[in-house]
$ cat run02.tsv   # TSV, C-alpha atoms
chain	number	residue	atom	x	y	z
A	116	MET	CA	-15.07	135.95	33.53
A	117	SER	CA	-13.10	134.27	30.80
A	118	GLY	CA	-9.44	133.86	31.48
A	119	VAL	CA	-9.98	133.87	35.26
A	120	LYS	CA	-9.29	130.55	36.94
A	121	ARG	CA	-10.62	129.67	40.34
A	122	LYS	CA	-8.50	127.61	42.65
A	123	ARG	CA	-10.37	124.45	43.37
A	124	ASN	CA	-9.83	122.39	46.49
A	125	VAL	CA	-10.29	118.71	45.85
A	126	LEU	CA	-10.93	116.48	48.82
A	127	ASN	CA	-9.97	112.83	48.80
A	128	VAL	CA	-12.49	110.08	49.60
A	129	LYS	CA	-11.43	109.81	53.24
A	130	GLN	CA	-11.79	113.57	53.78
A	131	LYS	CA	-15.24	113.55	52.16
A	132	LEU	CA	-16.41	110.72	54.40
A	133	GLU	CA	-15.09	112.53	57.49
A	134	ILE	CA	-17.02	115.66	56.50
A	135	LEU	CA	-20.20	113.68	55.90
A	136	GLN	CA	-19.87	111.94	59.27
A	137	LYS	CA	-19.42	115.27	61.02
A	138	LEU	CA	-22.45	116.70	59.19
A	139	ASP	CA	-24.41	113.70	60.39
A	140	ASN	CA	-23.32	114.44	63.97
A	141	GLY	CA	-24.61	118.00	63.65
A	142	GLU	CA	-21.22	119.65	63.32
A	143	SER	CA	-20.56	122.51	60.94
A	144	ALA	CA	-19.41	121.57	57.45
A	145	SER	CA	-17.68	124.89	57.01
A	146	THR	CA	-15.55	124.37	60.12
A	147	ASP	CA	-14.64	120.90	58.95
A	148	ALA	CA	-13.68	122.14	55.51
A	149	GLU	CA	-11.41	124.71	57.13
A	150	ASP	CA	-9.75	121.99	59.17
A	151	VAL	CA	-9.24	119.78	56.13
A	152	GLN	CA	-7.97	122.44	53.75
A	153	ASN	CA	-6.66	125.02	56.23
A	154	GLU	CA	-8.55	127.68	54.29
A	155	ARG	CA	-11.71	129.72	54.79
A	156	ASN	CA	-13.98	127.66	52.52
A	157	THR	CA	-17.44	126.34	53.15
A	158	ILE	CA	-19.08	123.28	51.72
A	159	SER	CA	-22.65	123.76	50.62
A	160	HIS	CA	-25.18	120.98	50.90
A	161	SER	CA	-25.34	120.75	47.11
A	162	ALA	CA	-21.55	120.37	46.90
A	163	ALA	CA	-21.64	117.70	49.61
A	164	LEU	CA	-24.45	115.91	47.78
A	165	GLN	CA	-22.47	116.01	44.53
A	166	SER	CA	-19.45	114.60	46.37
A	167	VAL	CA	-21.56	111.77	47.77
A	168	GLU	CA	-22.86	110.94	44.30
A	169	THR	CA	-19.29	110.90	42.97
A	170	LEU	CA	-18.22	108.73	45.88
A	171	LEU	CA	-21.04	106.25	45.18
A	172	ASP	CA	-19.97	106.06	41.53
A	173	TYR	CA	-16.39	105.44	42.60
A	174	MET	CA	-17.43	102.77	45.09
A	175	GLY	CA	-19.48	101.02	42.41
A	176	GLN	CA	-16.49	100.93	40.08
A	177	ARG	CA	-14.20	99.59	42.79
A	178	GLY	CA	-16.55	96.87	44.05
A	179	PHE	CA	-17.14	98.02	47.62
A	180	ASP	CA	-19.49	95.87	49.69
A	181	ASN	CA	-23.14	96.69	50.39
A	182	GLY	CA	-22.46	97.84	53.96
A	183	ASP	CA	-20.26	100.65	52.69
A	184	PHE	CA	-22.93	101.68	50.19
A	185	THR	CA	-25.55	101.76	52.94
A	186	VAL	CA	-23.52	104.19	55.03
A	187	VAL	CA	-22.94	106.58	52.13
A	188	ARG	CA	-26.56	106.37	50.95
A	189	THR	CA	-27.70	107.21	54.48
A	190	ARG	CA	-25.53	110.33	54.40
A	191	ARG	CA	-27.02	111.23	51.02
A	192	VAL	CA	-30.54	111.04	52.48
A	193	ASP	CA	-29.46	113.15	55.47
A	194	ILE	CA	-28.02	115.84	53.20
A	195	ARG	CA	-31.17	115.91	51.05
A	196	GLN	CA	-33.35	116.27	54.15
A	197	GLU	CA	-31.21	119.13	55.44
A	198	MET	CA	-31.38	120.83	52.04
A	199	SER	CA	-35.15	120.53	52.10
A	200	ILE	CA	-35.37	122.03	55.58
A	201	GLN	CA	-33.18	124.97	54.56
A	202	GLN	CA	-35.24	125.57	51.41
A	203	LYS	CA	-38.42	125.68	53.47
A	204	GLN	CA	-36.82	128.09	55.93
A	205	ARG	CA	-35.67	130.34	53.06
A	206	ARG	CA	-39.16	130.38	51.54
A	207	ILE	CA	-40.70	131.34	54.87
A	208	THR	CA	-38.10	134.06	55.42
A	209	ASP	CA	-38.58	135.38	51.87
A	210	PHE	CA	-42.35	135.41	52.34
A	211	PHE	CA	-42.10	137.59	55.43
A	212	LYS	CA	-39.58	139.93	53.81
A	213	GLN	CA	-42.08	140.89	51.11

$ encode --input "run02.tsv" --output "structure tokens"
Amino acid sequence: MSGVKRKRNVLNVKQKLEILQKLDNGESASTDAEDVQNERNTISHSAALQSVETLLDYMGQRGFDNGDFTVVRTRRVDIRQEMSIQQKQRRITDFFKQ
């Protein structure tokens, strides 16, 4: 795949926080990504988790207060829990497919 470049959509900090808040409210991340970018993209839990980690690094560099960190860390925990639930569901599904 050398020489082939993928177009990469980069969300700003505000857009990432909006997506994380909607995930926390049980809304679809893929729908939110479509609204933000006006494209048919989905955001995986691992991509969201990576974005949260990047956001935490950014916030640390910029000196945000502890309340802001708490909100983002809470979202990080929520994403990890959801990832764990989906992994368990995939394992169960894969077990029964065999």

$ residues_around --input "run02.tsv" --residues "A:Lys131" --least-positions-apart "3" --cutoff "9 Å" --atoms "only C-alpha atoms" --output "compact mmCIF listing (two decimals) with C-alpha atoms, in the coordinates of the input"
# COMPACT_ATOMS: atom_id res chain seq x y z
CA LEU A 126 -10.93 116.48 48.82
CA ASN A 127 -9.97 112.83 48.80
CA VAL A 128 -12.49 110.08 49.60
CA ILE A 134 -17.02 115.66 56.50
CA LEU A 135 -20.20 113.68 55.90
CA GLN A 136 -19.87 111.94 59.27
CA ALA A 163 -21.64 117.70 49.61
CA SER A 166 -19.45 114.60 46.37
CA VAL A 167 -21.56 111.77 47.77
CA LEU A 170 -18.22 108.73 45.88

$ atom_distance --input "run02.tsv" --atom1 "atom CA of A:Arg195" --atom2 "atom CA of A:Thr169"
15.2 Å

$ atom_distance --input "run02.tsv" --atom1 "atom CA of A:Asp172" --atom2 "atom CA of A:Asn140"
24.2 Å
